[in-house]
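I have placed the structure first, in the form of structure tokens, so that the comments after it can refer back to it.
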Amino acid sequence: FILLGWSAIPWLERPEAWIATLILFAAVGSGYIGRFMMGRPFLISFSVLLTLFFLWRRHGSARPTWRTGAAFAALIALAVLLHGIWYFWVLPVAAFFMAREYRWGWTLVAGWLAGSVLGAILTGHPITYLVEAVQLPFSVLGQHTFQRTLVSELQPTGANEFPLLVLGGLLVMRHVTRLNVRPLHQHPAFWLACLGWVLGYKASRFWEEWGA
């Protein structure tokens, strides 16, 4: 939780915005703060994801360098080593391309592939590690004929209108205050939230761990 909580602070001119975000999660999110306190490995991937977005936010106007790719690879290698779910990083990759950040998108592709291989090598059993990560969801989902018999986090989210309310509020706030900021459709985090929201109707974990 400390790692997650501090991963955003160094990048922000107004750190209270991040505290407000966590308070919002606690107020309206079903068990989010409780999950943050469990020490589960997905928090590593969460922290890495935030760091990648803040790196882009600070340097996105410039062309990414090899150092950027190396940083992406190192961060994703850490997440793959400790969390293991290497293939879900295709979602942030897709979000960068949907935001038309093509150079950063290709840099992230290179960092994702290199980081996945590096993280797997550090386990000592790279091929087994990568293959079993893919086999796991198929073995879990294949045992259930009906979605209602799945564990709750693999069931669909059901009605999930809150993100639409937040999006509407953001658009109104931007219009009223006339903020000179990047449009939402040019922001990878916006598209990742959209992907997580849509895929959440298949399995809530897409929304809870990648969209929200």
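Following the order of the structure tokens, first chain is A, next is B, and so on, with residues numbered from 1 inside each chain and ligands from 1 in the order they appear.
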Need the shell around A:Trp112: protein/DNA/RNA residues with any atom at most 6 Å away, counting only C-alpha atoms. Skip same-chain ones fewer than 4 positions apart. Format as a list in words? Ala73, Leu108 and Ser116 of chain A
Those same residues - N, CA and C atoms - I'd like them written as a JSON list (two decimals), in the first residue's frame.
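This is the output file part_36.json:
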```json
[["chain", "number", "residue", "atom", "x", "y", "z"],
["A", 73, "ALA", "N", 11.00, -1.41, -19.78],
["A", 73, "ALA", "CA", 11.36, -2.82, -19.67],
["A", 73, "ALA", "C", 11.67, -3.21, -18.23],
["A", 108, "LEU", "N", 6.54, 1.25, -25.76],
["A", 108, "LEU", "CA", 5.96, 0.40, -24.73],
["A", 108, "LEU", "C", 5.90, -1.06, -25.18],
["A", 116, "SER", "N", 8.89, -8.67, -20.19],
["A", 116, "SER", "CA", 8.28, -9.98, -19.94],
["A", 116, "SER", "C", 9.32, -11.08, -19.98]]
```
Find the spatial neighbours of A:Leu164, counting only C-alpha atoms, within a cut-off of 12 Å - ignore same-chain residues fewer than 2 positions away - and output them as a VMD selection string. chain A and resid 159 to 162 166 to 171 190 193 to 194 197 to 198 212
Taking N, CA, C and O atoms for each residue, export the selection above as a PDB file, in the first residue's frame.
```
ATOM      1  N   ALA A 159     -24.323  -3.691 -13.510  1.00  0.00           N
ATOM      2  CA  ALA A 159     -24.514  -2.253 -13.718  1.00  0.00           C
ATOM      3  C   ALA A 159     -23.309  -1.495 -13.158  1.00  0.00           C
ATOM      4  O   ALA A 159     -22.926  -1.689 -12.012  1.00  0.00           O
ATOM      5  N   ASN A 160     -22.714  -0.642 -13.973  1.00  0.00           N
ATOM      6  CA  ASN A 160     -21.515   0.086 -13.560  1.00  0.00           C
ATOM      7  C   ASN A 160     -21.573   1.496 -14.152  1.00  0.00           C
ATOM      8  O   ASN A 160     -20.821   1.846 -15.054  1.00  0.00           O
ATOM      9  N   GLU A 161     -22.495   2.304 -13.618  1.00  0.00           N
ATOM     10  CA  GLU A 161     -22.722   3.633 -14.167  1.00  0.00           C
ATOM     11  C   GLU A 161     -21.775   4.683 -13.616  1.00  0.00           C
ATOM     12  O   GLU A 161     -21.632   5.766 -14.189  1.00  0.00           O
ATOM     13  N   PHE A 162     -21.108   4.393 -12.489  1.00  0.00           N
ATOM     14  CA  PHE A 162     -20.283   5.401 -11.834  1.00  0.00           C
ATOM     15  C   PHE A 162     -19.215   5.993 -12.752  1.00  0.00           C
ATOM     16  O   PHE A 162     -19.007   7.211 -12.763  1.00  0.00           O
ATOM     17  N   VAL A 166     -18.503  10.007 -13.530  1.00  0.00           N
ATOM     18  CA  VAL A 166     -17.206  10.665 -13.362  1.00  0.00           C
ATOM     19  C   VAL A 166     -16.772  11.323 -14.663  1.00  0.00           C
ATOM     20  O   VAL A 166     -16.296  12.471 -14.680  1.00  0.00           O
ATOM     21  N   LEU A 167     -16.935  10.607 -15.774  1.00  0.00           N
ATOM     22  CA  LEU A 167     -16.562  11.155 -17.076  1.00  0.00           C
ATOM     23  C   LEU A 167     -17.371  12.415 -17.384  1.00  0.00           C
ATOM     24  O   LEU A 167     -16.818  13.436 -17.819  1.00  0.00           O
ATOM     25  N   GLY A 168     -18.675  12.363 -17.151  1.00  0.00           N
ATOM     26  CA  GLY A 168     -19.505  13.552 -17.369  1.00  0.00           C
ATOM     27  C   GLY A 168     -19.070  14.710 -16.499  1.00  0.00           C
ATOM     28  O   GLY A 168     -19.005  15.857 -16.959  1.00  0.00           O
ATOM     29  N   GLY A 169     -18.744  14.421 -15.228  1.00  0.00           N
ATOM     30  CA  GLY A 169     -18.279  15.472 -14.329  1.00  0.00           C
ATOM     31  C   GLY A 169     -16.968  16.094 -14.793  1.00  0.00           C
ATOM     32  O   GLY A 169     -16.791  17.314 -14.724  1.00  0.00           O
ATOM     33  N   LEU A 170     -16.060  15.253 -15.292  1.00  0.00           N
ATOM     34  CA  LEU A 170     -14.789  15.775 -15.801  1.00  0.00           C
ATOM     35  C   LEU A 170     -15.002  16.684 -17.001  1.00  0.00           C
ATOM     36  O   LEU A 170     -14.381  17.750 -17.112  1.00  0.00           O
ATOM     37  N   LEU A 171     -15.878  16.271 -17.906  1.00  0.00           N
ATOM     38  CA  LEU A 171     -16.126  17.080 -19.098  1.00  0.00           C
ATOM     39  C   LEU A 171     -16.757  18.419 -18.731  1.00  0.00           C
ATOM     40  O   LEU A 171     -16.394  19.461 -19.283  1.00  0.00           O
ATOM     41  N   PHE A 190      -7.293   7.418 -20.314  1.00  0.00           N
ATOM     42  CA  PHE A 190      -8.724   7.451 -20.627  1.00  0.00           C
ATOM     43  C   PHE A 190      -9.133   6.204 -21.401  1.00  0.00           C
ATOM     44  O   PHE A 190     -10.139   5.563 -21.096  1.00  0.00           O
ATOM     45  N   ALA A 193      -9.141   3.129 -19.249  1.00  0.00           N
ATOM     46  CA  ALA A 193     -10.359   3.085 -18.444  1.00  0.00           C
ATOM     47  C   ALA A 193     -11.541   2.591 -19.277  1.00  0.00           C
ATOM     48  O   ALA A 193     -12.360   1.792 -18.801  1.00  0.00           O
ATOM     49  N   CYS A 194     -11.622   3.050 -20.525  1.00  0.00           N
ATOM     50  CA  CYS A 194     -12.706   2.591 -21.411  1.00  0.00           C
ATOM     51  C   CYS A 194     -12.606   1.093 -21.669  1.00  0.00           C
ATOM     52  O   CYS A 194     -13.617   0.365 -21.610  1.00  0.00           O
ATOM     53  N   TRP A 197     -13.605  -0.774 -18.572  1.00  0.00           N
ATOM     54  CA  TRP A 197     -15.047  -0.697 -18.320  1.00  0.00           C
ATOM     55  C   TRP A 197     -15.811  -1.666 -19.227  1.00  0.00           C
ATOM     56  O   TRP A 197     -16.688  -2.386 -18.771  1.00  0.00           O
ATOM     57  N   VAL A 198     -15.469  -1.690 -20.517  1.00  0.00           N
ATOM     58  CA  VAL A 198     -16.157  -2.571 -21.459  1.00  0.00           C
ATOM     59  C   VAL A 198     -15.865  -4.036 -21.139  1.00  0.00           C
ATOM     60  O   VAL A 198     -16.781  -4.869 -21.049  1.00  0.00           O
ATOM     61  N   ALA A 212     -10.448   0.910 -13.403  1.00  0.00           N
ATOM     62  CA  ALA A 212     -10.727   1.869 -12.324  1.00  0.00           C
ATOM     63  C   ALA A 212      -9.486   2.659 -11.933  1.00  0.00           C
ATOM     64  O   ALA A 212      -9.556   3.866 -11.727  1.00  0.00           O
TER      65      ALA A 212
END
```
Taking 3 positions as the minimum chain separation for residues in the same chain, which residues sit within 6 Å of stretch 87-95 of chain A when counting only C-alpha atoms? Answer as an mmCIF file with N, CA and C atoms, in the first residue's frame.
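Listing of out-v5.cif after writing:
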```cif
data_model
loop_
_atom_site.group_PDB
_atom_site.id
_atom_site.type_symbol
_atom_site.label_atom_id
_atom_site.label_comp_id
_atom_site.auth_asym_id
_atom_site.auth_seq_id
_atom_site.Cartn_x
_atom_site.Cartn_y
_atom_site.Cartn_z
ATOM 1 N N MET A 98 -4.588 3.727 -29.173
ATOM 2 C CA MET A 98 -5.899 4.344 -29.323
ATOM 3 C C MET A 98 -5.824 5.855 -29.089
ATOM 4 N N GLY A 105 3.713 4.234 -28.016
ATOM 5 C CA GLY A 105 3.111 2.909 -28.066
ATOM 6 C C GLY A 105 4.112 1.854 -28.485
ATOM 7 N N PRO A 188 -3.829 8.162 -22.942
ATOM 8 C CA PRO A 188 -3.894 6.701 -22.851
ATOM 9 C C PRO A 188 -4.665 6.193 -21.643
ATOM 10 N N TRP A 191 -8.335 5.830 -22.404
ATOM 11 C CA TRP A 191 -8.673 4.663 -23.213
ATOM 12 C C TRP A 191 -8.519 3.372 -22.425
ATOM 13 N N LEU A 192 -7.558 3.322 -21.500
ATOM 14 C CA LEU A 192 -7.433 2.135 -20.662
ATOM 15 C C LEU A 192 -8.654 1.994 -19.760
#
```
Quick one: pull the distance between atom CA of A:Val176 and atom CA of A:Ala17, Å, one decimal.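 We find that atom CA of A:Val176 and atom CA of A:Ala17 lie 18.8 Å from each other.
The nearest approach to A:Thr128 among the residues A:Arg100, A:Ile19, A:Gly84, A:Gln186, with only C-alpha atoms taken into account, belongs to A:Gly84.
Taking atom CA of A:Ala70 as the reference point, atom CA of A:Gly119 is found at 13.3 Å.
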In terms of the shortest atom-to-atom distance over only C-alpha atoms, which of A:Phe97, A:Trp66, A:Trp11, A:Phe42 is closest to A:His83?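 Ranking A:Phe97, A:Trp66, A:Trp11, A:Phe42 by distance to A:His83, first place goes to A:Phe42.
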Excluding A:Phe72 and residues on its chain fewer than 6 positions from it, collect all residues at most 10 Å away from it, counting only C-alpha atoms, and give them as a ChimeraX atom specification. /A:48-49,51-52,55,66,107-115
Between A:Phe25, A:Tyr201, A:Phe54, A:Phe96, which one has atoms that come closest to A:Thr157, using only C-alpha atoms?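 Comparing A:Phe25, A:Tyr201, A:Phe54, A:Phe96 against A:Thr157, the winner is A:Tyr201.
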What does the structure give for the distance between atom CA of A:Ile44 and atom CA of A:Tyr32, in Å to one decimal?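 Between these atoms lies a distance of 15.1 Å.
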Can you pull out every residue within 10 Å of A:Leu22, counting only C-alpha atoms, but drop anything in the same chain fewer than 6 positions away, and send it as JSON, numbers by chain? {"A": [5, 16, 29, 32, 33]}
Where in stretch 30-207 of chain A does DSSP assign alpha helix (DSSP H), given as a PyMOL selection string? chain A and resi 32-36+42-59+66-82+90-98+102-121+126-141+162-177+188-199+204-206
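Residues in contact with A:Ser204 at 7 Å, where only C-alpha atoms are counted and same-chain residues fewer than 6 positions away are skipped, are listed as Glu153, Leu154, Gln155, Pro156 and Thr157 of chain A.
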The selected residues should be written to file as a compact mmCIF listing (two decimals), in the first residue's frame (atoms: all heavy atoms).
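Printed below is again15.txt as written:
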```txt
# COMPACT_ATOMS: atom_id res chain seq x y z
N GLU A 153 -14.83 -12.15 -8.54
CA GLU A 153 -14.00 -11.22 -9.32
C GLU A 153 -13.89 -11.62 -10.78
O GLU A 153 -13.42 -10.83 -11.60
CB GLU A 153 -12.61 -11.13 -8.70
CG GLU A 153 -11.84 -12.43 -8.68
CD GLU A 153 -10.58 -12.33 -7.86
OE1 GLU A 153 -10.46 -11.41 -7.04
OE2 GLU A 153 -9.70 -13.18 -8.06
N LEU A 154 -14.32 -12.82 -11.12
CA LEU A 154 -14.32 -13.25 -12.52
C LEU A 154 -15.71 -13.18 -13.15
O LEU A 154 -15.86 -13.48 -14.33
CB LEU A 154 -13.77 -14.68 -12.65
CG LEU A 154 -12.31 -14.87 -12.24
CD1 LEU A 154 -11.88 -16.32 -12.42
CD2 LEU A 154 -11.39 -13.95 -13.04
N GLN A 155 -16.68 -12.78 -12.37
CA GLN A 155 -18.03 -12.58 -12.90
C GLN A 155 -18.13 -11.18 -13.51
O GLN A 155 -17.32 -10.29 -13.21
CB GLN A 155 -19.06 -12.75 -11.79
CG GLN A 155 -19.16 -14.17 -11.25
CD GLN A 155 -20.24 -14.31 -10.19
OE1 GLN A 155 -21.10 -13.44 -10.04
NE2 GLN A 155 -20.21 -15.40 -9.46
N PRO A 156 -19.12 -10.93 -14.37
CA PRO A 156 -19.30 -9.59 -14.94
C PRO A 156 -19.59 -8.56 -13.85
O PRO A 156 -20.10 -8.89 -12.78
CB PRO A 156 -20.50 -9.77 -15.87
CG PRO A 156 -20.56 -11.24 -16.16
CD PRO A 156 -20.05 -11.92 -14.93
N THR A 157 -19.27 -7.31 -14.13
CA THR A 157 -19.48 -6.25 -13.15
C THR A 157 -20.96 -5.95 -12.94
O THR A 157 -21.34 -5.41 -11.92
CB THR A 157 -18.79 -4.96 -13.60
OG1 THR A 157 -19.25 -4.61 -14.91
CG2 THR A 157 -17.29 -5.12 -13.61
```
Out of A:Leu3, A:Pro126, A:Arg14, A:Ala74, which residue has the shortest atom-to-atom distance to A:Pro41 when counting only C-alpha atoms?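 When distances to A:Pro41 are compared using only C-alpha atoms, the smallest one comes from A:Leu3.
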